[in-house]
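**Q** The structure under discussion is supplied below as structure tokens; questions concerning it will follow.
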Amino acid sequence: MAVTVNIYYTGTDGGAVGFAREMTESGIVSDIRAEKGNIKYDYFVSFDNPETVLLVDRWESQKAIDRHHASPMMKKITELREKYNLTMKVERYIDDENGIPEIDRKFIR
């Protein structure tokens, strides 16, 4: 069952955007996307708070997330979070095995 983790990184003086940029430009993001079990790894900037960046991180299973968390890459990510002095808010979502209810489908184009 797929797991989606939304991580809201918040900093000051453009720190969250700088973090996401360095993660991307250093190749860490590409390496994460290449990991077995990764489905999605994308950053988004908030219109309401430009000091917050949302990471949508989606994995095939909790086991895939556990492998990722045990990888040497996590040390690099932690160091960058510290470098940019970011705080985090985390949300987790487990796929609904029944998918999108029919009543909700009428709102999807």
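Ordered as shown in the structure tokens, chains take letters A, B, and onward, while each chain numbers its residues from 1 and ligands are numbered from 1 in the order shown.
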Please identify all polymer residues within 12 Å of stretch 30-40 of chain A, counting only C-alpha atoms, omitting same-chain residues fewer than 5 positions from it, and present them as a PyMOL selection string.
**A** chain A and resi 1-6+22-25+55-69+71-74+76-77
**Q** Run DSSP on the backbone and tell me which residues of chain A come out as alpha helix (DSSP H); list them as a PDB file with N, CA and C atoms, in the first residue's frame.
**A**
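For reference, part19.pdb as written:
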ATOM      1  N   GLY A  15      15.390  30.458   3.176  1.00  0.00           N
ATOM      2  CA  GLY A  15      16.088  29.220   3.527  1.00  0.00           C
ATOM      3  C   GLY A  15      15.439  27.959   2.987  1.00  0.00           C
ATOM      4  N   ALA A  16      14.114  27.895   3.027  1.00  0.00           N
ATOM      5  CA  ALA A  16      13.434  26.681   2.558  1.00  0.00           C
ATOM      6  C   ALA A  16      13.621  26.503   1.056  1.00  0.00           C
ATOM      7  N   VAL A  17      13.524  27.600   0.311  1.00  0.00           N
ATOM      8  CA  VAL A  17      13.746  27.525  -1.135  1.00  0.00           C
ATOM      9  C   VAL A  17      15.206  27.184  -1.420  1.00  0.00           C
ATOM     10  N   GLY A  18      16.123  27.773  -0.654  1.00  0.00           N
ATOM     11  CA  GLY A  18      17.543  27.458  -0.818  1.00  0.00           C
ATOM     12  C   GLY A  18      17.829  25.987  -0.565  1.00  0.00           C
ATOM     13  N   PHE A  19      17.184  25.429   0.465  1.00  0.00           N
ATOM     14  CA  PHE A  19      17.324  24.006   0.779  1.00  0.00           C
ATOM     15  C   PHE A  19      16.856  23.151  -0.402  1.00  0.00           C
ATOM     16  N   ALA A  20      15.641  23.431  -0.909  1.00  0.00           N
ATOM     17  CA  ALA A  20      15.098  22.651  -2.022  1.00  0.00           C
ATOM     18  C   ALA A  20      15.985  22.784  -3.261  1.00  0.00           C
ATOM     19  N   ARG A  21      16.480  23.971  -3.496  1.00  0.00           N
ATOM     20  CA  ARG A  21      17.358  24.194  -4.653  1.00  0.00           C
ATOM     21  C   ARG A  21      18.652  23.386  -4.508  1.00  0.00           C
ATOM     22  N   GLU A  22      19.258  23.439  -3.319  1.00  0.00           N
ATOM     23  CA  GLU A  22      20.511  22.701  -3.116  1.00  0.00           C
ATOM     24  C   GLU A  22      20.276  21.198  -3.172  1.00  0.00           C
ATOM     25  N   MET A  23      19.153  20.745  -2.641  1.00  0.00           N
ATOM     26  CA  MET A  23      18.816  19.312  -2.735  1.00  0.00           C
ATOM     27  C   MET A  23      18.751  18.883  -4.202  1.00  0.00           C
ATOM     28  N   THR A  24      18.160  19.731  -5.027  1.00  0.00           N
ATOM     29  CA  THR A  24      17.996  19.417  -6.448  1.00  0.00           C
ATOM     30  C   THR A  24      19.320  19.521  -7.197  1.00  0.00           C
ATOM     31  N   GLU A  25      20.011  20.645  -7.022  1.00  0.00           N
ATOM     32  CA  GLU A  25      21.240  20.889  -7.785  1.00  0.00           C
ATOM     33  C   GLU A  25      22.392  19.969  -7.376  1.00  0.00           C
ATOM     34  N   ILE A  28      20.935  15.095  -4.978  1.00  0.00           N
ATOM     35  CA  ILE A  28      20.288  14.268  -3.957  1.00  0.00           C
ATOM     36  C   ILE A  28      18.868  13.894  -4.388  1.00  0.00           C
ATOM     37  N   VAL A  29      18.132  14.853  -4.944  1.00  0.00           N
ATOM     38  CA  VAL A  29      16.762  14.582  -5.376  1.00  0.00           C
ATOM     39  C   VAL A  29      16.755  13.490  -6.448  1.00  0.00           C
ATOM     40  N   SER A  30      17.645  13.579  -7.416  1.00  0.00           N
ATOM     41  CA  SER A  30      17.718  12.546  -8.466  1.00  0.00           C
ATOM     42  C   SER A  30      18.026  11.184  -7.868  1.00  0.00           C
ATOM     43  N   ASP A  31      18.928  11.158  -6.888  1.00  0.00           N
ATOM     44  CA  ASP A  31      19.277   9.892  -6.237  1.00  0.00           C
ATOM     45  C   ASP A  31      18.078   9.308  -5.497  1.00  0.00           C
ATOM     46  N   ILE A  32      17.315  10.156  -4.829  1.00  0.00           N
ATOM     47  CA  ILE A  32      16.129   9.679  -4.105  1.00  0.00           C
ATOM     48  C   ILE A  32      15.099   9.142  -5.092  1.00  0.00           C
ATOM     49  N   ARG A  33      14.871   9.868  -6.158  1.00  0.00           N
ATOM     50  CA  ARG A  33      13.901   9.410  -7.166  1.00  0.00           C
ATOM     51  C   ARG A  33      14.301   8.072  -7.781  1.00  0.00           C
ATOM     52  N   ALA A  34      15.592   7.773  -7.797  1.00  0.00           N
ATOM     53  CA  ALA A  34      16.088   6.515  -8.364  1.00  0.00           C
ATOM     54  C   ALA A  34      16.018   5.356  -7.368  1.00  0.00           C
ATOM     55  N   GLN A  62       5.701   1.223   3.310  1.00  0.00           N
ATOM     56  CA  GLN A  62       6.460   1.667   4.477  1.00  0.00           C
ATOM     57  C   GLN A  62       7.856   1.058   4.460  1.00  0.00           C
ATOM     58  N   LYS A  63       7.966  -0.151   3.954  1.00  0.00           N
ATOM     59  CA  LYS A  63       9.280  -0.804   3.859  1.00  0.00           C
ATOM     60  C   LYS A  63      10.233   0.007   2.972  1.00  0.00           C
ATOM     61  N   ALA A  64       9.719   0.566   1.883  1.00  0.00           N
ATOM     62  CA  ALA A  64      10.549   1.405   1.002  1.00  0.00           C
ATOM     63  C   ALA A  64      10.995   2.674   1.730  1.00  0.00           C
ATOM     64  N   ILE A  65      10.100   3.265   2.517  1.00  0.00           N
ATOM     65  CA  ILE A  65      10.458   4.453   3.302  1.00  0.00           C
ATOM     66  C   ILE A  65      11.536   4.091   4.321  1.00  0.00           C
ATOM     67  N   ASP A  66      11.379   2.945   4.971  1.00  0.00           N
ATOM     68  CA  ASP A  66      12.362   2.505   5.968  1.00  0.00           C
ATOM     69  C   ASP A  66      13.741   2.324   5.341  1.00  0.00           C
ATOM     70  N   ARG A  67      13.795   1.761   4.130  1.00  0.00           N
ATOM     71  CA  ARG A  67      15.080   1.607   3.422  1.00  0.00           C
ATOM     72  C   ARG A  67      15.684   2.981   3.141  1.00  0.00           C
ATOM     73  N   HIS A  68      14.848   3.911   2.705  1.00  0.00           N
ATOM     74  CA  HIS A  68      15.307   5.276   2.429  1.00  0.00           C
ATOM     75  C   HIS A  68      15.856   5.918   3.697  1.00  0.00           C
ATOM     76  N   HIS A  69      15.137   5.774   4.800  1.00  0.00           N
ATOM     77  CA  HIS A  69      15.576   6.386   6.058  1.00  0.00           C
ATOM     78  C   HIS A  69      16.880   5.768   6.574  1.00  0.00           C
ATOM     79  N   MET A  73      22.041   8.692   2.436  1.00  0.00           N
ATOM     80  CA  MET A  73      21.491   9.941   1.933  1.00  0.00           C
ATOM     81  C   MET A  73      20.833  10.775   3.041  1.00  0.00           C
ATOM     82  N   MET A  74      20.287  10.098   4.046  1.00  0.00           N
ATOM     83  CA  MET A  74      19.589  10.807   5.129  1.00  0.00           C
ATOM     84  C   MET A  74      20.542  11.721   5.891  1.00  0.00           C
ATOM     85  N   LYS A  75      21.804  11.337   5.999  1.00  0.00           N
ATOM     86  CA  LYS A  75      22.784  12.197   6.679  1.00  0.00           C
ATOM     87  C   LYS A  75      22.946  13.506   5.912  1.00  0.00           C
ATOM     88  N   LYS A  76      23.027  13.411   4.583  1.00  0.00           N
ATOM     89  CA  LYS A  76      23.161  14.608   3.753  1.00  0.00           C
ATOM     90  C   LYS A  76      21.930  15.506   3.891  1.00  0.00           C
ATOM     91  N   ILE A  77      20.751  14.891   3.869  1.00  0.00           N
ATOM     92  CA  ILE A  77      19.512  15.662   3.989  1.00  0.00           C
ATOM     93  C   ILE A  77      19.461  16.359   5.345  1.00  0.00           C
ATOM     94  N   THR A  78      19.807  15.642   6.392  1.00  0.00           N
ATOM     95  CA  THR A  78      19.800  16.221   7.741  1.00  0.00           C
ATOM     96  C   THR A  78      20.776  17.384   7.838  1.00  0.00           C
ATOM     97  N   GLU A  79      21.948  17.229   7.266  1.00  0.00           N
ATOM     98  CA  GLU A  79      22.943  18.309   7.290  1.00  0.00           C
ATOM     99  C   GLU A  79      22.429  19.557   6.565  1.00  0.00           C
ATOM    100  N   LEU A  80      21.749  19.358   5.438  1.00  0.00           N
ATOM    101  CA  LEU A  80      21.212  20.507   4.709  1.00  0.00           C
ATOM    102  C   LEU A  80      20.074  21.177   5.480  1.00  0.00           C
ATOM    103  N   ARG A  81      19.238  20.381   6.125  1.00  0.00           N
ATOM    104  CA  ARG A  81      18.161  20.978   6.948  1.00  0.00           C
ATOM    105  C   ARG A  81      18.760  21.837   8.050  1.00  0.00           C
ATOM    106  N   GLU A  82      19.833  21.351   8.656  1.00  0.00           N
ATOM    107  CA  GLU A  82      20.505  22.118   9.714  1.00  0.00           C
ATOM    108  C   GLU A  82      21.154  23.377   9.134  1.00  0.00           C
ATOM    109  N   LYS A  83      21.788  23.237   7.991  1.00  0.00           N
ATOM    110  CA  LYS A  83      22.442  24.375   7.338  1.00  0.00           C
ATOM    111  C   LYS A  83      21.462  25.526   7.118  1.00  0.00           C
ATOM    112  N   GLU A 102     -16.930   7.479  -6.266  1.00  0.00           N
ATOM    113  CA  GLU A 102     -17.634   7.925  -7.470  1.00  0.00           C
ATOM    114  C   GLU A 102     -18.212   9.325  -7.296  1.00  0.00           C
ATOM    115  N   ILE A 103     -18.727   9.645  -6.126  1.00  0.00           N
ATOM    116  CA  ILE A 103     -19.324  10.961  -5.879  1.00  0.00           C
ATOM    117  C   ILE A 103     -18.293  12.079  -6.024  1.00  0.00           C
ATOM    118  N   ASP A 104     -17.022  11.787  -5.747  1.00  0.00           N
ATOM    119  CA  ASP A 104     -15.955  12.784  -5.881  1.00  0.00           C
ATOM    120  C   ASP A 104     -15.426  12.882  -7.308  1.00  0.00           C
ATOM    121  N   ARG A 105     -15.585  11.843  -8.080  1.00  0.00           N
ATOM    122  CA  ARG A 105     -15.056  11.824  -9.451  1.00  0.00           C
ATOM    123  C   ARG A 105     -15.660  12.904 -10.339  1.00  0.00           C
TER     124      ARG A 105
END
**Q** For a test of reading the model, state the distance in Å between atom CA of A:Tyr41 and atom CA of A:Ile94, rounded to one decimal.
**A**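 Between atom CA of A:Tyr41 and atom CA of A:Ile94 the gap works out to 16.0 Å.
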**Q** Name the residues of chain A that come out as strand (DSSP E) in a backbone DSSP run; write them as a ChimeraX atom specification.
**A** /A:3-10,38-45,52-59,87-94
**Q** Tell me which of A:Asn98, A:Phe107, A:Arg92, A:Thr87 sits closest to A:Thr52, counting only C-alpha atoms.
**A**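 Result for the nearest residue to A:Thr52: A:Thr87.
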**Q** State, in Å with one decimal place, the distance from atom CA of A:Leu54 to atom CA of A:Gly27.
**A** 18.5 Å
**Q** Could you check how far atom CA of A:Val53 sits from atom CA of A:Ile7, in Å to one decimal?
**A** 8.2 Å
